[in-house]
$ cat run12.cif   # mmCIF, C-alpha atoms
data_coords
loop_
_atom_site.label_atom_id
_atom_site.label_comp_id
_atom_site.auth_asym_id
_atom_site.auth_seq_id
_atom_site.Cartn_x
_atom_site.Cartn_y
_atom_site.Cartn_z
CA THR A 1 141.61 92.86 84.57
CA ALA A 2 139.12 93.50 87.35
CA PRO A 3 135.46 92.69 86.82
CA THR A 4 132.93 95.51 86.59
CA ILE A 5 129.16 95.90 86.47
CA GLY A 6 127.50 95.06 83.14
CA THR A 7 123.74 95.52 83.28
CA ILE A 8 120.84 95.37 85.72
CA THR A 9 117.83 93.53 84.33
CA SER A 10 114.86 91.45 85.44
CA GLY A 11 113.02 88.34 84.33
CA THR A 12 109.83 89.56 85.99
CA PRO A 13 107.17 90.91 83.62
CA ALA A 14 106.93 94.71 83.50
CA GLY A 15 103.88 96.20 85.16
CA SER A 16 102.45 97.52 88.41
CA TYR A 17 103.15 95.80 91.72
CA GLY A 18 101.60 96.35 95.15
CA ALA A 19 102.66 95.43 98.67
CA GLY A 20 103.91 91.84 98.81
CA GLY A 21 104.67 91.73 95.08
CA THR A 22 108.04 90.26 94.10
CA ILE A 23 110.45 91.43 91.40
CA GLN A 24 113.58 89.58 90.32
CA VAL A 25 116.70 91.75 90.06
CA ASP A 26 119.69 90.47 88.04
CA VAL A 27 123.11 92.16 88.10
CA SER A 28 125.55 90.98 85.43
CA PHE A 29 129.33 91.25 85.52
CA ILE A 30 131.82 91.81 82.71
CA ASN A 31 135.58 91.74 82.29
CA GLY A 32 136.84 95.31 82.56
CA ILE A 33 135.04 98.16 80.83
CA GLY A 34 132.87 96.97 77.94
CA GLY A 35 134.29 93.44 78.09
CA ALA A 36 132.65 90.06 77.80
CA ALA A 37 130.54 88.43 80.50
CA GLU A 38 132.65 87.13 83.36
CA SER A 39 131.90 84.78 86.25
CA VAL A 40 132.67 86.10 89.71
CA SER A 41 132.38 84.68 93.22
CA LEU A 42 131.16 86.19 96.45
CA LYS A 43 134.02 85.24 98.77
CA SER A 44 132.56 86.72 101.95
CA GLY A 45 130.12 89.34 103.17
CA SER A 46 127.15 90.26 100.99
CA PHE A 47 126.37 91.82 97.64
CA ASP A 48 123.88 94.61 98.35
CA ILE A 49 121.45 96.10 95.84
CA THR A 50 119.64 99.26 96.96
CA LEU A 51 116.47 100.04 95.04
CA ALA A 52 115.01 103.52 94.73
CA ASN A 53 111.44 102.94 95.86
CA GLY A 54 110.17 106.43 96.64
CA GLY A 55 111.22 106.29 100.28
CA ALA A 56 114.40 105.41 102.17
CA GLY A 57 115.20 102.69 99.64
CA SER A 58 114.88 98.92 99.80
CA LEU A 59 117.90 96.70 100.29
CA VAL A 60 118.17 93.39 98.48
CA SER A 61 121.10 91.59 100.05
CA ILE A 62 122.63 88.45 98.50
CA SER A 63 124.76 86.62 101.04
CA SER A 64 124.86 83.05 99.74
CA ASP A 65 128.06 82.00 97.99
CA TRP A 66 127.78 82.01 94.20
CA ASN A 67 130.02 81.73 91.17
CA ALA A 68 128.34 83.09 88.05
CA SER A 69 128.29 86.01 85.64
CA THR A 70 124.96 87.16 87.14
CA ALA A 71 123.90 87.76 90.74
CA ARG A 72 120.15 87.42 91.37
CA GLY A 73 118.10 88.86 94.19
CA THR A 74 114.39 89.35 94.87
CA TYR A 75 112.78 92.64 95.80
CA VAL A 76 109.59 92.33 97.85
CA VAL A 77 107.42 95.45 97.70
CA ALA A 78 106.86 96.77 101.21
CA VAL A 79 103.87 98.68 102.52
CA ASP A 80 104.16 102.38 101.55
CA ASP A 81 106.77 101.79 98.80
CA GLU A 82 105.74 103.99 95.89
CA ILE A 83 107.53 105.04 92.70
CA ASP A 84 106.59 105.30 89.03
CA GLU A 85 109.77 103.65 87.73
CA LEU A 86 111.76 101.27 89.91
CA SER A 87 115.53 101.55 89.54
CA VAL A 88 118.70 100.63 91.40
CA SER A 89 120.22 103.58 93.24
CA SER A 90 123.45 101.89 94.33
CA LEU A 91 125.42 98.65 94.58
CA ALA A 92 127.76 97.76 97.41
CA ILE A 93 129.69 94.89 98.97
CA GLY A 94 128.73 94.62 102.61
CA GLY A 95 130.20 92.98 105.68
CA SER A 96 133.83 93.60 104.70
CA GLY A 97 133.32 91.05 101.94
CA SER A 98 134.73 90.68 98.46
CA VAL A 99 133.66 89.66 94.97
CA GLU A 100 136.42 88.22 92.77
CA ASP A 101 136.97 86.54 89.42
CA ILE A 102 138.83 83.22 89.10
CA TYR A 103 142.14 85.08 88.98
CA GLY A 104 141.56 86.87 92.27
CA ASN A 105 140.81 90.23 90.68
CA GLY A 106 138.38 92.04 92.93
CA LEU A 107 135.24 93.93 92.01
CA THR A 108 135.93 97.42 93.33
CA VAL A 109 134.13 99.69 90.87
CA LEU A 110 130.39 99.30 91.38
CA ASP A 111 129.17 102.11 89.14
CA ILE A 112 126.14 101.26 86.99
CA PRO A 113 126.88 102.02 83.31
CA GLY A 114 124.63 104.61 81.69
CA GLY A 115 121.58 103.09 80.03
CA SER A 116 122.07 99.81 81.90
CA ASN A 117 119.87 100.30 84.97
CA LEU A 118 116.74 98.33 85.76
CA GLU A 119 114.46 101.07 84.44
CA ASP A 120 116.27 100.85 81.09
CA ASP A 121 115.38 97.16 80.83
CA ARG A 122 111.68 97.42 81.73
CA THR A 123 109.27 99.56 83.71
CA PHE A 124 108.00 98.57 87.14
CA LYS A 125 105.47 100.88 88.77
CA ILE A 126 105.46 100.38 92.53
CA ASP A 127 102.42 101.22 94.63
CA GLY A 128 102.41 99.73 98.11
CA VAL A 129 100.17 102.42 99.58
CA ALA A 130 96.88 101.24 101.06
CA PRO A 131 93.71 103.12 100.07
CA THR A 132 92.14 105.53 102.55
CA ILE A 133 88.89 107.47 102.91
CA VAL A 134 89.41 111.09 101.86
CA SER A 135 85.91 112.45 102.47
CA ILE A 136 82.44 111.58 103.74
CA ARG A 137 79.84 114.13 102.70
CA THR A 138 76.40 114.72 101.24
CA THR A 139 75.01 117.09 98.66
CA ASP A 140 71.50 116.84 100.12
CA PRO A 141 69.97 120.11 101.45
CA ASN A 142 69.99 121.05 105.15
CA SER A 143 66.26 120.32 105.34
CA PRO A 144 64.05 117.71 103.65
CA ILE A 145 63.05 118.62 100.10
CA GLY A 146 59.73 120.45 100.13
CA SER A 147 60.06 121.49 103.79
CA PRO A 148 60.70 125.02 105.09
CA ALA A 149 64.33 125.95 105.75
CA GLY A 150 65.45 124.84 109.18
CA THR A 151 63.09 121.87 109.31
CA PRO A 152 64.95 118.89 110.77
CA TYR A 153 64.97 115.49 109.10
CA GLY A 154 62.38 113.25 110.73
CA ILE A 155 61.47 109.57 110.80
CA ASP A 156 61.72 107.96 107.32
CA ASP A 157 63.43 111.01 105.81
CA TYR A 158 66.67 110.03 104.11
CA ILE A 159 70.09 111.50 103.33
CA ASP A 160 72.41 110.13 100.64
CA ILE A 161 76.01 110.01 101.89
CA ASP A 162 79.01 109.79 99.54
CA ILE A 163 82.21 108.06 100.73
CA THR A 164 85.19 108.99 98.54
CA PHE A 165 88.42 106.99 98.61
CA SER A 166 91.99 107.95 97.72
CA GLU A 167 91.84 105.57 94.73
CA GLN A 168 89.46 103.06 93.19
CA VAL A 169 88.64 100.23 95.60
CA GLU A 170 86.36 97.25 96.02
CA LEU A 171 84.81 96.00 99.26
CA LEU A 172 84.55 92.25 99.61
CA THR A 173 82.63 89.82 101.82
CA SER A 174 81.22 92.21 104.43
CA SER A 175 80.63 95.88 105.20
CA LEU A 176 82.37 99.16 106.01
CA ASP A 177 80.68 100.58 109.11
CA LEU A 178 80.19 104.26 109.94
CA VAL A 179 78.92 105.28 113.38
CA LEU A 180 76.77 108.42 113.10
CA SER A 181 76.18 111.02 115.79
CA SER A 182 72.45 110.15 115.66
CA GLY A 183 73.29 106.77 117.18
CA LYS A 184 72.94 104.85 113.93
CA THR A 185 75.62 102.50 112.59
CA LEU A 186 75.46 102.90 108.83
CA SER A 187 76.85 99.95 106.90
CA VAL A 188 78.27 100.28 103.40
CA PRO A 189 77.60 96.86 101.80
CA ALA A 190 80.22 94.92 99.86
CA PHE A 191 80.70 96.19 96.31
CA THR A 192 82.58 95.37 93.14
CA PRO A 193 83.86 96.39 90.59
CA HIS A 194 86.29 99.00 91.88
CA ALA A 195 84.91 102.49 92.45
CA LEU A 196 86.30 105.82 93.65
CA THR A 197 83.09 106.88 95.41
CA LYS A 198 80.36 104.80 97.01
CA GLN A 199 76.99 106.19 98.01
CA VAL A 200 74.91 104.84 100.88
CA ARG A 201 71.49 106.03 102.08
CA TYR A 202 70.82 106.93 105.71
CA THR A 203 67.13 106.76 106.64
CA VAL A 204 66.20 108.37 109.94
CA ALA A 205 64.66 105.89 112.38
CA GLU A 206 62.66 106.38 115.54
CA THR A 207 64.68 107.51 118.61
CA GLU A 208 67.59 108.76 116.47
CA GLN A 209 68.48 112.37 117.17
CA THR A 210 71.36 114.81 116.75
CA ASP A 211 71.81 118.54 116.20
CA LEU A 212 74.68 117.91 113.78
CA LEU A 213 74.86 114.71 111.76
CA GLU A 214 78.44 113.52 111.41
CA VAL A 215 80.56 110.40 111.52
CA THR A 216 81.99 109.79 114.97
CA GLY A 217 85.26 107.91 115.34
CA THR A 218 87.04 106.00 112.62
CA PRO A 219 85.11 103.96 110.03
CA THR A 220 85.74 100.26 110.60
CA LEU A 221 85.66 97.13 108.49
CA ALA A 222 83.24 94.50 109.74
CA ALA A 223 84.56 91.04 110.53
CA GLY A 224 85.64 89.32 107.34
CA ALA A 225 85.49 92.47 105.20
CA THR A 226 88.36 93.37 102.87
CA LEU A 227 88.82 96.79 101.29
CA LYS A 228 91.47 96.79 98.56
CA ASP A 229 92.68 98.65 95.50
CA LYS A 230 93.47 97.21 92.06
CA LEU A 231 96.91 96.01 93.25
CA ASP A 232 95.41 94.33 96.34
CA ASN A 233 96.80 96.95 98.75
CA SER A 234 94.53 96.95 101.76
CA PRO A 235 94.25 98.67 105.15
CA ASN A 236 93.60 95.13 106.43
CA ASP A 237 97.34 94.40 106.04
#

$ encode --input "run12.cif" --output "structure tokens"
Amino acid sequence: TAPTIGTITSGTPAGSYGAGGTIQVDVSFINGIGGAAESVSLKSGSFDITLANGGAGSLVSISSDWNASTARGTYVVAVDDEIDELSVSSLAIGGSGSVEDIYGNGLTVLDIPGGSNLEDDRTFKIDGVAPTIVSIRTTDPNSPIGSPAGTPYGIDDYIDIDITFSEQVELLTSSLDLVLSSGKTLSVPAFTPHALTKQVRYTVAETEQTDLLEVTGTPTLAAGATLKDKLDNSPND
């Protein structure tokens, strides 16, 4: 009787994993359909596990020779992998290889039994997407409070600027720098705990001038600064 696929499980705790996180993936083998656990050997080639990760899929390839009732691989979350429930989309034997039991019966049916996929064992939420800035704006009026409409902001007048991120983040060690059209480099200081929006105050200084205040270029992280979400995804990576 040829071996078949039993279950797909993991010894890694359920939870959320970001880029660089590792998840153990175990594929068990049984004798025939609904039979007992059975040891098999990878004779040649590779045993390939393709994980549905929200994109093109991630391949976990096991190429070392083994003789056991379970094949174990490790999935490493890549940047931009994202899915609410990680599962295995397909199994395959690569490189013209073969998987056989001790009697030489080959594993040819690689269908995953219903209710036996990784997501049925435990839930892994995958988020390898780095946080981004989605908006930089102010709710302050076009002129200083108490001044006639059209009055420009002058020396020592201030504008509160809100930086909103795609998800809650923290900024560690150093600053996030915004270059303004007035010639000022406005630095957002390090902050924790995580926040979705961070406000910073721009105070007009002598010699600074512009007809339209805006951020020019791309905001940059100062040397040593790290911006990251709750799963440690970071544009630094």

$ closest_residue --input "run12.cif" --among "A:Ala19, A:Ile33, A:Ile126, A:Ile163" --to "Ala52 of chain A" --atoms "all atoms listed in the file"
A:Ile126

$ residues_around --input "run12.cif" --residues "segment 58-64 of chain A" --least-positions-apart "5" --cutoff "7 Å" --atoms "all atoms listed in the file" --output "VMD selection string"
chain A and resid 45 to 53 73 to 75

$ resolve_selection --input "run12.cif" --expression "the PyMOL selection byres ((chain A and resi 95) around 8)" --output "MDAnalysis selection string"
chainID A and resid 44:46 93:94 96:97

$ resolve_selection --input "run12.cif" --expression "the PyMOL selection byres ((chain A and resi 235-237) around 7)" --output "number ranges by chain"
A: 130-131, 226-227, 234

$ resolve_selection --input "run12.cif" --expression "the PyMOL selection byres ((chain A and resi 127) around 6)" --output "PyMOL selection string"
chain A and resi 18+82+126+128-129

$ residues_around --input "run12.cif" --residues "Thr123 of chain A" --least-positions-apart "6" --cutoff "12 Å" --atoms "all atoms listed in the file" --output "ChimeraX atom specification"
/A:9-17,23,83-87,117

$ closest_residue --input "run12.cif" --among "A:Gly6, A:Gly54, A:Gly32, A:Pro141" --to "Val77 of chain A" --atoms "only C-alpha atoms"
A:Gly54

$ closest_residue --input "run12.cif" --among "A:Ala36, A:Ile136, A:Ala78, A:Ala225" --to "Gln199 of chain A" --atoms "all atoms listed in the file"
A:Ile136

$ residues_around --input "run12.cif" --residues "Asn31 of chain A" --least-positions-apart "3" --cutoff "7 Å" --atoms "all atoms listed in the file" --output "count of residues only"
8

$ residues_around --input "run12.cif" --residues "Glu100 of chain A" --least-positions-apart "6" --cutoff "8 Å" --atoms "only C-alpha atoms" --output "PyMOL selection string"
chain A and resi 3+40-43+106-107

$ write_last_selection --input "run12.cif" --atoms "C-alpha atoms" --output "compact mmCIF listing (two decimals), in the coordinates of the input"
# COMPACT_ATOMS: atom_id res chain seq x y z
CA PRO A 3 135.46 92.69 86.82
CA VAL A 40 132.67 86.10 89.71
CA SER A 41 132.38 84.68 93.22
CA LEU A 42 131.16 86.19 96.45
CA LYS A 43 134.02 85.24 98.77
CA GLY A 106 138.38 92.04 92.93
CA LEU A 107 135.24 93.93 92.01

$ atom_distance --input "run12.cif" --atom1 "atom CA of Leu110 of chain A" --atom2 "atom CA of Lys125 of chain A"
25.1 Å

$ atom_distance --input "run12.cif" --atom1 "atom CA of Ile8 of chain A" --atom2 "atom CA of Asp232 of chain A"
27.6 Å

$ atom_distance --input "run12.cif" --atom1 "atom CA of Val99 of chain A" --atom2 "atom CA of Phe124 of chain A"
28.3 Å

$ closest_residue --input "run12.cif" --among "A:Thr108, A:Thr185, A:Ser116, A:Thr207" --to "Ala92 of chain A" --atoms "all atoms listed in the file"
A:Thr108

$ residues_around --input "run12.cif" --residues "Glu167 of chain A" --least-positions-apart "4" --cutoff "8 Å" --atoms "all atoms listed in the file" --output "number ranges by chain"
A: 131-132, 195-196, 229

$ closest_residue --input "run12.cif" --among "A:Ala223, A:Leu91, A:Leu176, A:Ala71" --to "Phe191 of chain A" --atoms "all atoms listed in the file"
A:Leu176
